[in-house]
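A short worksheet on the structure shown next.
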Amino acid sequence: MSDIIASLKDLVVRGKKNEAAVEVKRALDAGCDPGAIMKDGLVSAMSVVGQKYSSGEYFLPQMMIAARAMTTALEILKPHLAGPAAEQKKEKAVIGTVSGDFHDIGKNIVKMMLESAGYEVVDLGVDVSAESFVEAVRRESPRFVLMSALITLTMESMRRTVAALEEAGVRSNVKIGIGGAPVTHKFAAEIGADFYTEDAYGCVETCKRLAA
Amino acid sequence: MTLPQADESAPAGGMLIVAERINASRRAIRGALEAMDAGAIQREATAQAAAGAHYIDVNAGTFPGREAELLCWLVDVVQAATPLPLCLDCPDPAALAAALPRVKAPRPIINSINLEDDRFDRVLPLVRDFGAKVVALAQGQGVPPTTADGKADLAARLVERLVAAGVPLDDIYVDPLVFPVGVDPRSALATIDAIGEIMHRFPGVHTICGLTNVSHGLPARALVNRTFLVAAMGRGMDAAIIDPTDAHLMAAMRAAQAVLGRDEYCMAFIEEFMAGRVAA
């Protein structure tokens, strides 16, 4: 049975969507535990993919196609995931590209990698106002607020969002992480964010560390 | 043997090369800006001028709140090193207004204007007052369009507004925006198709792209960039924001000029070759 799961993992790592769909059905038919398929097949595959991307061995399209294979397999697996494993409380993150900015590639990579690592991610999309972040924090009570900006002008929106969270009295409930090409450690410290990471993998690792 | 006459309908002149290396999103430039290291900036300027740049792009944007100050500094520093005209790469009208009076060489390029109301209204007077050429981004208030039709329609609205405001077509460089082909396999073709459509709809207008985004996340980026450049030139693109110190890129561009009938009897290509500047 573990052979099938290992093969599923390999197919996801290589981004083979159709074959992964067949393999996950085969694993279920063979009586594999759905929780084990999830953990040792899918989550573990995306962790490998994340590391390969972070180290430069994998290029962006390879990661995207792997995530697509995982999503396809997960859709088939989901109805079988029940009981304590499925209800286990996940860490939650609210993520978005800040006001005035429409770049979503980096934000989507972080989202993809956090979800693969077992986080629940609430994606607010692009051009997200400070008010929308505040509202989402009130509604979702996340552990993390993650913001992306790709242009200098919109870095100011990050500052305003941190200030708005402060004003709304919810700042201390969350850890704030920021990222994007023009963003730096220095800027994160300056605006009172909790952390900056250079890439998506670093963001996932930092969230894990802070959640521990 | 009679030589055929040059085709009058062929685009006159060569590609306009806007040199992209002085950009704060590059780590080395960010460092030079932080340290106000004029020498480092000037070495980039002279290297790009020597490599065949027509304009030097200057981008100071990665230090929030200091964009105007640093853009002015870049303008002064680059002008002290080269007489080439400048392309002021900055989305902030206030920073542009501060830097433009310091520009010495005539006809700078303002990079850029778009259809966002505030930006359009504030950048337009600068284009007119300083006799500048302008990069017109196919971008409005919301999420930028990803299809060829969406890009061309937005570009058309912007061109029409600029022309109505008195900006000559010849001064407008439409940028239909380039997105990573590794994220959306249709994105590069959408840009290339939009270039063809814009050049067809507005004879006399120019099209320009910053190429490097096309290869984001891919291996062998320089190869992907120059392949995109040649494909876009094939549909009429006549300006590019590129790194002229990339010899392979420049060689591909010069060969494409010859192949596309923009280089009479391939004379410019041959001259570049004789000067040792064409890496086969």
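All residue names refer to the structure tokens as shown: chains lettered A, B, ... in order, residues numbered from 1 in each chain, ligands numbered from 1 in order.
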
Open item on the list: Can you pull out the residues contacting range 30-41 of chain A? Cut-off 12 Å, using only C-alpha atoms, and skip same-chain residues under 6 positions away; I want them as JSON, numbers by chain.
Closed with: {"A": [1, 2, 3, 4, 5, 6, 7, 8, 9, 10, 11, 12, 13, 20, 23, 24, 47, 48, 69, 70, 71, 73, 74, 75, 76, 77, 78, 79, 80, 81, 82, 83, 84, 85, 86, 87, 88, 116, 117, 118]}

Open item on the list: When DSSP is applied to the backbone of this structure, which of range 1-230 of chain B are assigned strand (DSSP E or B)? Write them out as a ChimeraX atom specification.
Closed with: /B:16-19,23,55-59,86-89,109-113,133-137,172-175,206-210

Write the residues of the preceding selection, restricted to N, CA, C and O atoms, as a tab-separated table (two decimals), in the first residue's frame.
```
chain	number	residue	atom	x	y	z
B	16	LEU	N	14.38	51.66	-31.17
B	16	LEU	CA	14.79	52.59	-30.12
B	16	LEU	C	15.17	51.75	-28.89
B	16	LEU	O	14.36	50.97	-28.38
B	17	ILE	N	16.42	51.94	-28.45
B	17	ILE	CA	16.91	51.13	-27.33
B	17	ILE	C	16.97	51.96	-26.06
B	17	ILE	O	17.75	52.91	-25.95
B	18	VAL	N	16.11	51.60	-25.12
B	18	VAL	CA	16.10	52.25	-23.81
B	18	VAL	C	16.82	51.30	-22.84
B	18	VAL	O	16.39	50.16	-22.66
B	19	ALA	N	17.91	51.80	-22.27
B	19	ALA	CA	18.77	50.93	-21.47
B	19	ALA	C	18.27	50.82	-20.03
B	19	ALA	O	18.08	51.82	-19.35
B	23	ASN	N	18.14	50.52	-12.40
B	23	ASN	CA	16.81	50.28	-11.86
B	23	ASN	C	16.95	49.79	-10.42
B	23	ASN	O	17.65	48.82	-10.15
B	55	TYR	N	18.58	55.78	-25.09
B	55	TYR	CA	18.10	56.45	-23.89
B	55	TYR	C	18.61	55.66	-22.68
B	55	TYR	O	18.74	54.45	-22.75
B	56	ILE	N	18.86	56.37	-21.58
B	56	ILE	CA	19.20	55.71	-20.33
B	56	ILE	C	17.99	55.82	-19.39
B	56	ILE	O	17.57	56.92	-19.04
B	57	ASP	N	17.44	54.66	-19.05
B	57	ASP	CA	16.33	54.64	-18.11
B	57	ASP	C	16.87	54.81	-16.69
B	57	ASP	O	17.88	54.20	-16.33
B	58	VAL	N	16.21	55.66	-15.91
B	58	VAL	CA	16.59	55.81	-14.50
B	58	VAL	C	15.38	55.55	-13.61
B	58	VAL	O	14.32	56.13	-13.79
B	59	ASN	N	15.55	54.61	-12.69
B	59	ASN	CA	14.49	54.21	-11.78
B	59	ASN	C	15.03	54.22	-10.36
B	59	ASN	O	16.01	53.55	-10.06
B	86	LEU	N	17.37	60.94	-21.26
B	86	LEU	CA	16.95	60.06	-20.17
B	86	LEU	C	15.51	59.61	-20.33
B	86	LEU	O	14.67	60.29	-20.92
B	87	CYS	N	15.27	58.44	-19.77
B	87	CYS	CA	13.91	57.92	-19.66
B	87	CYS	C	13.62	57.85	-18.17
B	87	CYS	O	14.24	57.08	-17.44
B	88	LEU	N	12.72	58.71	-17.70
B	88	LEU	CA	12.43	58.79	-16.27
B	88	LEU	C	11.36	57.76	-15.91
B	88	LEU	O	10.20	57.91	-16.27
B	89	ASP	N	11.82	56.73	-15.21
B	89	ASP	CA	10.99	55.55	-14.94
B	89	ASP	C	10.43	55.66	-13.54
B	89	ASP	O	11.09	55.33	-12.56
B	109	ILE	N	12.02	60.80	-22.12
B	109	ILE	CA	10.83	59.94	-22.13
B	109	ILE	C	10.31	59.87	-20.70
B	109	ILE	O	11.08	59.63	-19.77
B	110	ILE	N	9.01	60.08	-20.54
B	110	ILE	CA	8.37	59.86	-19.23
B	110	ILE	C	7.80	58.44	-19.24
B	110	ILE	O	7.01	58.08	-20.10
B	111	ASN	N	8.26	57.66	-18.28
B	111	ASN	CA	7.88	56.26	-18.20
B	111	ASN	C	7.24	56.03	-16.83
B	111	ASN	O	7.94	55.76	-15.89
B	112	SER	N	5.95	56.29	-16.68
B	112	SER	CA	4.95	56.14	-17.71
B	112	SER	C	3.64	56.81	-17.29
B	112	SER	O	3.50	57.27	-16.18
B	113	ILE	N	2.69	56.77	-18.25
B	113	ILE	CA	1.33	57.23	-17.98
B	113	ILE	C	0.41	56.04	-18.18
B	113	ILE	O	0.76	55.09	-18.90
B	133	LYS	N	8.49	62.65	-24.63
B	133	LYS	CA	7.83	61.48	-25.18
B	133	LYS	C	7.29	60.71	-23.98
B	133	LYS	O	7.74	60.94	-22.84
B	134	VAL	N	6.35	59.79	-24.24
B	134	VAL	CA	5.74	59.13	-23.08
B	134	VAL	C	5.46	57.65	-23.35
B	134	VAL	O	5.05	57.27	-24.44
B	135	VAL	N	5.75	56.84	-22.34
B	135	VAL	CA	5.38	55.43	-22.39
B	135	VAL	C	3.95	55.31	-21.85
B	135	VAL	O	3.66	55.77	-20.74
B	136	ALA	N	3.07	54.74	-22.68
B	136	ALA	CA	1.65	54.63	-22.33
B	136	ALA	C	1.32	53.18	-22.01
B	136	ALA	O	1.29	52.33	-22.89
B	137	LEU	N	1.09	52.91	-20.73
B	137	LEU	CA	0.82	51.54	-20.30
B	137	LEU	C	-0.64	51.16	-20.54
B	137	LEU	O	-1.54	51.91	-20.19
B	172	ILE	N	4.28	58.86	-28.68
B	172	ILE	CA	3.64	57.89	-27.78
B	172	ILE	C	4.23	56.49	-27.99
B	172	ILE	O	4.24	55.99	-29.13
B	173	TYR	N	4.69	55.89	-26.92
B	173	TYR	CA	5.22	54.53	-26.94
B	173	TYR	C	4.29	53.65	-26.10
B	173	TYR	O	4.32	53.70	-24.88
B	174	VAL	N	3.46	52.87	-26.79
B	174	VAL	CA	2.49	52.04	-26.07
B	174	VAL	C	3.18	50.78	-25.54
B	174	VAL	O	3.86	50.08	-26.28
B	175	ASP	N	2.98	50.53	-24.26
B	175	ASP	CA	3.50	49.30	-23.63
B	175	ASP	C	2.32	48.41	-23.26
B	175	ASP	O	1.60	48.72	-22.32
B	206	HIS	N	4.20	54.24	-31.63
B	206	HIS	CA	5.27	53.27	-31.36
B	206	HIS	C	4.81	52.27	-30.31
B	206	HIS	O	3.91	52.56	-29.52
B	207	THR	N	5.45	51.11	-30.31
B	207	THR	CA	5.20	50.14	-29.23
B	207	THR	C	6.53	49.77	-28.59
B	207	THR	O	7.57	49.72	-29.24
B	208	ILE	N	6.46	49.54	-27.29
B	208	ILE	CA	7.65	49.30	-26.48
B	208	ILE	C	7.31	48.25	-25.42
B	208	ILE	O	6.16	48.14	-25.00
B	209	CYS	N	8.31	47.46	-25.03
B	209	CYS	CA	8.10	46.51	-23.93
B	209	CYS	C	9.35	46.45	-23.06
B	209	CYS	O	10.45	46.60	-23.56
B	210	GLY	N	9.13	46.23	-21.78
B	210	GLY	CA	10.21	45.75	-20.93
B	210	GLY	C	10.13	44.24	-21.04
B	210	GLY	O	9.07	43.68	-20.82
```

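The list of residues with at least one atom within 9 Å of Gly182 in chain B, based on only C-alpha atoms and without residues fewer than 2 positions apart in the same chain, reads Phe59, Leu60, Pro61, Gln62 and Met64 of chain A; Phe179, Pro180, Asp184, Pro185, Ser187, Val214, Ser215, His216, Gly217 and Leu218 of chain B.
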
Keeping C-alpha atoms for every residue in the selection just given, could you write it to a file as a tab-separated table (two decimals), in the first residue's frame?
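The new file out.tsv reads:
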```tsv
chain	number	residue	atom	x	y	z
A	59	PHE	CA	11.51	26.39	-11.97
A	60	LEU	CA	8.24	28.22	-11.36
A	61	PRO	CA	6.14	26.33	-13.96
A	62	GLN	CA	7.25	23.01	-12.45
A	64	MET	CA	2.67	25.37	-10.56
B	179	PHE	CA	3.60	38.91	-18.02
B	180	PRO	CA	5.51	35.72	-17.24
B	184	ASP	CA	0.27	31.72	-18.13
B	185	PRO	CA	1.33	30.06	-21.39
B	187	SER	CA	0.39	35.67	-21.91
B	214	VAL	CA	8.41	37.34	-19.80
B	215	SER	CA	11.03	34.90	-18.52
B	216	HIS	CA	10.27	35.21	-14.80
B	217	GLY	CA	10.67	31.82	-13.15
B	218	LEU	CA	12.22	30.15	-16.20
```

Task: Long-range neighbours of Asp92 in chain B as a list in words, 9 Å cut-off, only C-alpha atoms, 2 positions minimum in chain - done: Leu153 of chain A; Glu67, Ala68, Cys90, Ala94, Ala95, Leu96, Ala97, Arg119 and Val123 of chain B

Resulting file, chosen residues, C-alpha atoms, as a PDB file, in the first residue's frame:
```
ATOM      1  CA  LEU A 153       4.436  53.150  -4.234  1.00  0.00           C
TER       2      LEU A 153
ATOM      3  CA  GLU B  67      11.584  58.694  -4.722  1.00  0.00           C
ATOM      4  CA  ALA B  68      11.726  62.381  -5.748  1.00  0.00           C
ATOM      5  CA  CYS B  90       8.640  56.476 -12.154  1.00  0.00           C
ATOM      6  CA  ALA B  94       5.354  64.454  -7.924  1.00  0.00           C
ATOM      7  CA  ALA B  95       8.765  62.803  -8.312  1.00  0.00           C
ATOM      8  CA  LEU B  96       8.596  63.292 -12.097  1.00  0.00           C
ATOM      9  CA  ALA B  97       7.730  66.973 -11.625  1.00  0.00           C
ATOM     10  CA  ARG B 119      -2.071  59.554 -12.800  1.00  0.00           C
ATOM     11  CA  VAL B 123       1.396  63.185 -15.802  1.00  0.00           C
TER      12      VAL B 123
END
```

Write out as a PDB file with C-alpha atoms, in the first residue's frame the residues lying within 10 Å of Ala268 in chain B, counting only C-alpha atoms and excluding same-chain residues fewer than 2 positions away.
```pdb
ATOM      1  CA  GLY B  14      15.914  51.168 -36.271  1.00  0.00           C
ATOM      2  CA  ARG B 254      20.150  43.587 -35.210  1.00  0.00           C
ATOM      3  CA  ALA B 255      19.648  40.393 -37.188  1.00  0.00           C
ATOM      4  CA  GLN B 257      16.042  44.314 -38.087  1.00  0.00           C
ATOM      5  CA  ALA B 258      17.685  42.983 -41.233  1.00  0.00           C
ATOM      6  CA  ARG B 262      14.093  47.517 -41.423  1.00  0.00           C
ATOM      7  CA  ASP B 263      17.754  47.679 -42.346  1.00  0.00           C
ATOM      8  CA  GLU B 264      18.364  48.717 -45.923  1.00  0.00           C
ATOM      9  CA  TYR B 265      20.625  46.180 -47.620  1.00  0.00           C
ATOM     10  CA  CYS B 266      21.520  44.953 -44.129  1.00  0.00           C
ATOM     11  CA  ILE B 270      27.132  44.485 -41.590  1.00  0.00           C
ATOM     12  CA  GLU B 271      28.582  47.571 -39.918  1.00  0.00           C
ATOM     13  CA  GLU B 272      27.890  46.140 -36.491  1.00  0.00           C
ATOM     14  CA  PHE B 273      29.462  42.861 -37.558  1.00  0.00           C
ATOM     15  CA  MET B 274      32.578  44.593 -38.897  1.00  0.00           C
TER      16      MET B 274
END
```

For chain B, list the residues within 7 Å of chain A, counting only C-alpha atoms, and write the list as an mmCIF file with N, CA and C atoms, in the first residue's frame.
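iface_25.cif, freshly written:
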```cif
data_model
loop_
_atom_site.group_PDB
_atom_site.id
_atom_site.type_symbol
_atom_site.label_atom_id
_atom_site.label_comp_id
_atom_site.auth_asym_id
_atom_site.auth_seq_id
_atom_site.Cartn_x
_atom_site.Cartn_y
_atom_site.Cartn_z
ATOM 1 N N SER B 25 15.213 48.108 -8.603
ATOM 2 C CA SER B 25 14.823 46.739 -8.268
ATOM 3 C C SER B 25 16.008 45.786 -8.404
ATOM 4 N N GLY B 61 13.014 53.825 -7.610
ATOM 5 C CA GLY B 61 11.918 53.447 -6.734
ATOM 6 C C GLY B 61 12.103 52.212 -5.909
ATOM 7 N N THR B 62 12.607 52.304 -4.736
ATOM 8 C CA THR B 62 12.428 51.213 -3.791
ATOM 9 C C THR B 62 12.613 51.724 -2.378
ATOM 10 N N PHE B 63 12.721 53.057 -2.274
ATOM 11 C CA PHE B 63 12.841 53.665 -0.956
ATOM 12 C C PHE B 63 11.634 54.579 -0.747
ATOM 13 N N PRO B 64 10.594 54.060 -0.092
ATOM 14 C CA PRO B 64 9.364 54.834 0.050
ATOM 15 C C PRO B 64 9.640 56.219 0.627
ATOM 16 N N VAL B 143 -7.584 45.401 -12.432
ATOM 17 C CA VAL B 143 -6.615 44.369 -12.787
ATOM 18 C C VAL B 143 -6.239 44.530 -14.264
ATOM 19 N N GLY B 182 5.754 31.645 -18.017
ATOM 20 C CA GLY B 182 5.817 30.454 -17.180
ATOM 21 C C GLY B 182 4.638 30.336 -16.229
ATOM 22 N N VAL B 183 3.871 31.408 -16.104
ATOM 23 C CA VAL B 183 2.708 31.392 -15.228
ATOM 24 C C VAL B 183 1.431 31.233 -16.051
ATOM 25 N N GLY B 217 10.860 33.198 -13.609
ATOM 26 C CA GLY B 217 10.665 31.822 -13.148
ATOM 27 C C GLY B 217 11.168 30.747 -14.094
ATOM 28 N N LEU B 218 11.750 31.140 -15.216
ATOM 29 C CA LEU B 218 12.222 30.149 -16.201
ATOM 30 C C LEU B 218 13.745 30.059 -16.200
ATOM 31 N N PRO B 219 14.266 28.942 -16.683
ATOM 32 C CA PRO B 219 15.722 28.845 -16.894
ATOM 33 C C PRO B 219 16.111 29.584 -18.165
#
```
